[in-house]
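J.: So I've got this file, data_37.pdb, and it contains PDB, C-alpha atoms:
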ATOM      1  CA  MET O  20      -4.051 -29.985  48.072
ATOM      2  CA  THR O  21      -4.783 -26.522  49.439
ATOM      3  CA  ASP O  22      -7.213 -25.899  46.570
ATOM      4  CA  PHE O  23      -9.251 -28.937  47.552
ATOM      5  CA  SER O  24      -9.069 -27.987  51.237
ATOM      6  CA  ALA O  25     -10.386 -24.535  50.409
ATOM      7  CA  LEU O  26     -13.121 -26.077  48.264
ATOM      8  CA  TYR O  27     -14.107 -28.356  51.135
ATOM      9  CA  GLU O  28     -14.098 -25.591  53.734
ATOM     10  CA  ARG O  29     -16.209 -23.347  51.538
ATOM     11  CA  TYR O  30     -18.839 -25.833  50.328
ATOM     12  CA  ALA O  31     -19.011 -28.644  52.919
ATOM     13  CA  PRO O  32     -21.564 -26.841  55.117
ATOM     14  CA  ASP O  33     -23.816 -26.226  52.094
ATOM     15  CA  VAL O  34     -23.554 -29.818  50.903
ATOM     16  CA  PHE O  35     -24.212 -31.140  54.415
ATOM     17  CA  ARG O  36     -27.263 -28.898  54.904
ATOM     18  CA  PHE O  37     -28.674 -29.939  51.520
ATOM     19  CA  ALA O  38     -28.081 -33.632  52.280
ATOM     20  CA  LEU O  39     -29.676 -33.250  55.714
ATOM     21  CA  TYR O  40     -32.767 -31.637  54.252
ATOM     22  CA  LEU O  41     -33.016 -34.343  51.604
ATOM     23  CA  SER O  42     -32.488 -37.303  53.898
ATOM     24  CA  GLY O  43     -33.773 -36.059  57.232
ATOM     25  CA  ASP O  44     -30.968 -38.019  58.910
ATOM     26  CA  ARG O  45     -27.803 -36.417  60.298
ATOM     27  CA  HIS O  46     -25.632 -39.518  59.886
ATOM     28  CA  GLU O  47     -26.756 -40.118  56.326
ATOM     29  CA  ALA O  48     -26.115 -36.443  55.544
ATOM     30  CA  GLU O  49     -22.570 -36.755  56.903
ATOM     31  CA  ASP O  50     -21.982 -39.831  54.731
ATOM     32  CA  ILE O  51     -23.386 -38.099  51.654
ATOM     33  CA  THR O  52     -21.255 -35.027  52.296
ATOM     34  CA  SER O  53     -18.026 -36.957  52.641
ATOM     35  CA  GLU O  54     -18.784 -39.154  49.625
ATOM     36  CA  THR O  55     -19.625 -36.048  47.575
ATOM     37  CA  PHE O  56     -16.162 -34.629  48.133
ATOM     38  CA  VAL O  57     -14.506 -37.981  47.473
ATOM     39  CA  ARG O  58     -16.316 -38.120  44.128
ATOM     40  CA  ALA O  59     -15.383 -34.529  43.310
ATOM     41  CA  TRP O  60     -11.738 -35.211  44.215
ATOM     42  CA  THR O  61     -11.542 -38.358  42.076
ATOM     43  CA  ALA O  62     -13.684 -37.156  39.151
ATOM     44  CA  PRO O  63     -11.922 -37.829  35.853
ATOM     45  CA  GLU O  64     -13.810 -35.073  34.033
ATOM     46  CA  PRO O  65     -13.930 -31.317  34.617
ATOM     47  CA  ILE O  66     -16.963 -29.686  36.204
ATOM     48  CA  ARG O  67     -19.810 -29.386  33.687
ATOM     49  CA  THR O  68     -22.260 -27.211  35.591
ATOM     50  CA  ALA O  69     -22.167 -23.433  35.835
ATOM     51  CA  THR O  70     -20.875 -23.416  39.407
ATOM     52  CA  VAL O  71     -18.867 -25.640  41.696
ATOM     53  CA  LYS O  72     -21.664 -25.492  44.257
ATOM     54  CA  GLY O  73     -24.197 -26.731  41.713
ATOM     55  CA  TYR O  74     -21.827 -29.541  40.749
ATOM     56  CA  LEU O  75     -21.362 -30.641  44.353
ATOM     57  CA  LEU O  76     -25.083 -30.465  45.150
ATOM     58  CA  THR O  77     -25.843 -32.533  42.065
ATOM     59  CA  ILE O  78     -23.411 -35.203  43.283
ATOM     60  CA  ALA O  79     -25.016 -35.096  46.745
ATOM     61  CA  ARG O  80     -28.509 -35.522  45.294
ATOM     62  CA  ASN O  81     -27.391 -38.446  43.131
ATOM     63  CA  LEU O  82     -25.836 -40.122  46.168
ATOM     64  CA  PHE O  83     -29.071 -39.615  48.102
ATOM     65  CA  LEU O  84     -31.081 -41.177  45.270
ATOM     66  CA  GLN O  85     -28.682 -44.129  45.107
ATOM     67  CA  GLY O  86     -29.219 -44.617  48.830
ATOM     68  CA  LEU O  87     -33.000 -44.605  48.336
ATOM     69  CA  ARG O  88     -32.704 -47.276  45.668
ATOM     70  CA  ARG O  89     -30.481 -49.354  47.942
ATOM     71  CA  LYS O  90     -32.916 -49.003  50.865
ATOM     72  CA  SER O  91     -35.857 -50.037  48.713
ATOM     73  CA  ARG O  92     -34.163 -53.402  48.192
ATOM     74  CA  GLN O  93     -33.663 -53.979  51.935
ATOM     75  CA  THR O  94     -36.207 -55.491  54.304
ATOM     76  CA  ALA O  95     -37.310 -53.829  57.520
ATOM     77  CA  ILE O  96     -36.458 -55.293  60.911
ATOM     78  CA  ASP O  97     -39.402 -56.717  62.785
ATOM     79  CA  ASP O  98     -40.565 -54.335  65.542
ATOM     80  CA  GLU O  99     -40.097 -57.079  68.124
ATOM     81  CA  LEU O 100     -36.362 -57.168  67.355
ATOM     82  CA  ARG O 101     -35.771 -53.422  67.668
ATOM     83  CA  ASP O 102     -34.251 -51.851  70.767
ATOM     84  CA  PRO O 103     -37.151 -50.257  72.666
ATOM     85  CA  ARG O 104     -34.896 -47.654  74.266
ATOM     86  CA  ALA O 105     -34.535 -44.481  72.262
ATOM     87  CA  SER O 106     -31.112 -42.876  72.091
ATOM     88  CA  ALA O 107     -30.512 -39.495  73.699
ATOM     89  CA  ASP O 108     -29.764 -37.999  70.279
ATOM     90  CA  GLY O 109     -32.995 -39.409  68.871
ATOM     91  CA  GLN O 110     -35.073 -37.990  71.712
ATOM     92  CA  ALA O 111     -33.475 -34.554  71.412
ATOM     93  CA  GLU O 112     -34.056 -34.451  67.662
ATOM     94  CA  ARG O 113     -37.678 -35.548  67.998
ATOM     95  CA  ASN O 114     -38.335 -32.746  70.442
ATOM     96  CA  SER O 115     -36.769 -30.039  68.337
ATOM     97  CA  GLU O 116     -38.390 -27.837  65.776
ATOM     98  CA  VAL O 117     -35.768 -28.865  63.231
ATOM     99  CA  ALA O 118     -36.938 -32.456  63.427
ATOM    100  CA  ALA O 119     -40.495 -31.354  62.682
ATOM    101  CA  VAL O 120     -39.381 -29.386  59.643
ATOM    102  CA  LEU O 121     -37.310 -32.299  58.381
ATOM    103  CA  ALA O 122     -40.251 -34.642  58.834
ATOM    104  CA  ASN O 123     -42.492 -32.311  56.866
ATOM    105  CA  LEU O 124     -39.886 -32.086  54.115
ATOM    106  CA  GLN O 125     -39.826 -35.870  53.851
ATOM    107  CA  ARG O 126     -43.504 -35.851  52.881
ATOM    108  CA  ILE O 127     -42.738 -33.889  49.744
ATOM    109  CA  PRO O 128     -41.717 -35.954  46.674
ATOM    110  CA  GLU O 129     -37.927 -36.046  46.279
ATOM    111  CA  GLY O 130     -37.787 -34.135  42.987
ATOM    112  CA  ASP O 131     -39.928 -31.309  44.359
ATOM    113  CA  ARG O 132     -37.994 -31.315  47.653
ATOM    114  CA  ALA O 133     -34.624 -31.109  45.901
ATOM    115  CA  ALA O 134     -35.771 -28.211  43.716
ATOM    116  CA  LEU O 135     -37.176 -26.334  46.724
ATOM    117  CA  LEU O 136     -34.033 -26.852  48.789
ATOM    118  CA  LEU O 137     -31.769 -25.711  45.993
ATOM    119  CA  ARG O 138     -33.840 -22.546  45.651
ATOM    120  CA  ALA O 139     -34.756 -21.724  49.254
ATOM    121  CA  VAL O 140     -31.715 -22.917  51.152
ATOM    122  CA  GLU O 141     -28.927 -22.744  48.597
ATOM    123  CA  GLU O 142     -30.413 -19.679  46.855
ATOM    124  CA  MET O 143     -29.559 -21.055  43.432
ATOM    125  CA  PRO O 144     -31.148 -19.393  40.392
ATOM    126  CA  TYR O 145     -33.911 -21.321  38.631
ATOM    127  CA  ASP O 146     -31.860 -21.968  35.492
ATOM    128  CA  GLU O 147     -29.018 -23.488  37.493
ATOM    129  CA  ILE O 148     -31.468 -25.675  39.415
ATOM    130  CA  ALA O 149     -32.905 -26.854  36.110
ATOM    131  CA  ARG O 150     -29.419 -27.816  34.899
ATOM    132  CA  ALA O 151     -28.530 -29.518  38.185
ATOM    133  CA  LEU O 152     -31.717 -31.599  38.174
ATOM    134  CA  GLY O 153     -31.701 -32.222  34.424
ATOM    135  CA  ILE O 154     -35.169 -30.740  33.869
ATOM    136  CA  SER O 155     -36.605 -27.747  32.032
ATOM    137  CA  LEU O 156     -36.868 -24.292  33.546
ATOM    138  CA  ALA O 157     -40.676 -24.528  33.538
ATOM    139  CA  ALA O 158     -40.573 -27.906  35.291
ATOM    140  CA  THR O 159     -38.224 -26.423  37.889
ATOM    141  CA  LYS O 160     -40.645 -23.615  38.678
ATOM    142  CA  VAL O 161     -43.563 -26.049  38.877
ATOM    143  CA  ARG O 162     -41.676 -28.349  41.269
ATOM    144  CA  ILE O 163     -40.734 -25.475  43.553
ATOM    145  CA  HIS O 164     -44.297 -24.170  43.541
ATOM    146  CA  ARG O 165     -45.716 -27.639  44.355
ATOM    147  CA  ALA O 166     -43.224 -28.106  47.185
ATOM    148  CA  ARG O 167     -44.116 -24.741  48.711
ATOM    149  CA  LEU O 168     -47.813 -25.578  48.521
ATOM    150  CA  ALA O 169     -47.195 -28.955  50.140
ATOM    151  CA  LEU O 170     -45.275 -27.371  53.017
ATOM    152  CA  ALA O 171     -48.018 -24.793  53.495
ATOM    153  CA  ASP O 172     -50.593 -27.619  53.659
ATOM    154  CA  VAL O 173     -48.553 -29.461  56.290
ATOM    155  CA  ARG O 174     -48.216 -26.334  58.440
ATOM    156  CA  SER O 175     -51.946 -25.656  58.313
ATOM    157  CA  ASP O 176     -52.839 -29.200  59.507
TER     158      ASP O 176
END
Can you dump the structure from the file as structure tokens?

T.:
Amino acid sequence: MTDFSALYERYAPDVFRFALYLSGDRHEAEDITSETFVRAWTAPEPIRTATVKGYLLTIARNLFLQGLRRKSRQTAIDDELRDPRASADGQAERNSEVAAVLANLQRIPEGDRAALLLRAVEEMPYDEIARALGISLAATKVRIHRARLALADVRSD
């Protein structure tokens, strides 16, 4: 049990940050983080990637993608039915610089965003990113380059 506790303490902040950057939503990031560690704890097979961190971030990304697929099958609530009052948390996040960065990240295609986050935030080497995303090294570099260009375009607007 202490091994798993140490694993959680060491990697939970990284997994949460990655999930937050992917989703742009704090609550969804918390759910992804907790589910990531549940999956790692109950995994029947040993870790296949080069590092534990890469393994956990791959699980987090897959959970995020599953959530996207699930959301695409749901219908939106009519604007007339929504609560017109914004929550205090929502107002604070909208006013912060972090919210602006997260919004800009959401404009980047998911595959490019994931590659950029793994490189820039998690400081993973390109070859490990390629393995985690299941793409070639060249494709990894292209995705990261495209994501950086897209962020630069958003900042210049």

J.: At a cut-off of 8 Å, using all atoms listed in the file, what residues contact range 31-43 of chain O? Leave out same-chain residues fewer than 4 positions from it and give the result as JSON, numbers by chain.

T.: {"O": [26, 27, 47, 48, 49, 51, 52, 75, 76, 79, 80, 83, 118, 121, 122, 124, 125, 129, 132, 133, 136, 137, 140, 141]}

J.: To test the calculation: enclose all listed atoms of range 138-153 of chain O in a box whose edges run along x, y and z, add 3 Å on each side, then state centre and edge lengths in Å to one decimal, as AutoDock Vina command-line options.

T.:
--center_x -31.6 --center_y -25.8 --center_z 42.8 --size_x 12.2 --size_y 18.8 --size_z 22.7

J.: Using all atoms listed in the file for the distances, tell me which of O:Glu116, O:Asp131, O:Asp44, O:Glu54 is nearest to Arg165 in chain O.

T.: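 Between O:Glu116, O:Asp131, O:Asp44, O:Glu54, the residue approaching Arg165 in chain O most closely is O:Asp131.
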
J.: Using only C-alpha atoms, which residues sit within 12 Å of Arg167 in chain O once same-chain residues fewer than 3 positions away are excluded, as a ChimeraX atom specification?

T.: /O:123-124,126-128,131-136,138-139,160-164,170-174

J.: Using only C-alpha atoms, which of O:Phe23, O:His46, O:Val120, O:Glu147 sits nearest Thr61 in chain O?

T.: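 Answer, going by the shortest atom-to-atom distance: O:Phe23.
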
J.: Rounded to one decimal in Å, what is the spacing between CA of Gly153 in chain O and CA of Thr70 in chain O?

T.: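 Interatomic distance here is 14.8 Å.
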
J.: Go ahead and compute the interatomic distance for CA of Asp22 in chain O and CA of Pro63 in chain O, in Å to one decimal.

T.: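 Distance reported for this atom pair: 16.7 Å.
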
J.: Have a look at CA of Asn81 in chain O and CA of Ala151 in chain O and let me know their distance in Å, one decimal.

T.: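 Taking CA of Asn81 in chain O and CA of Ala151 in chain O, their separation equals 10.3 Å.
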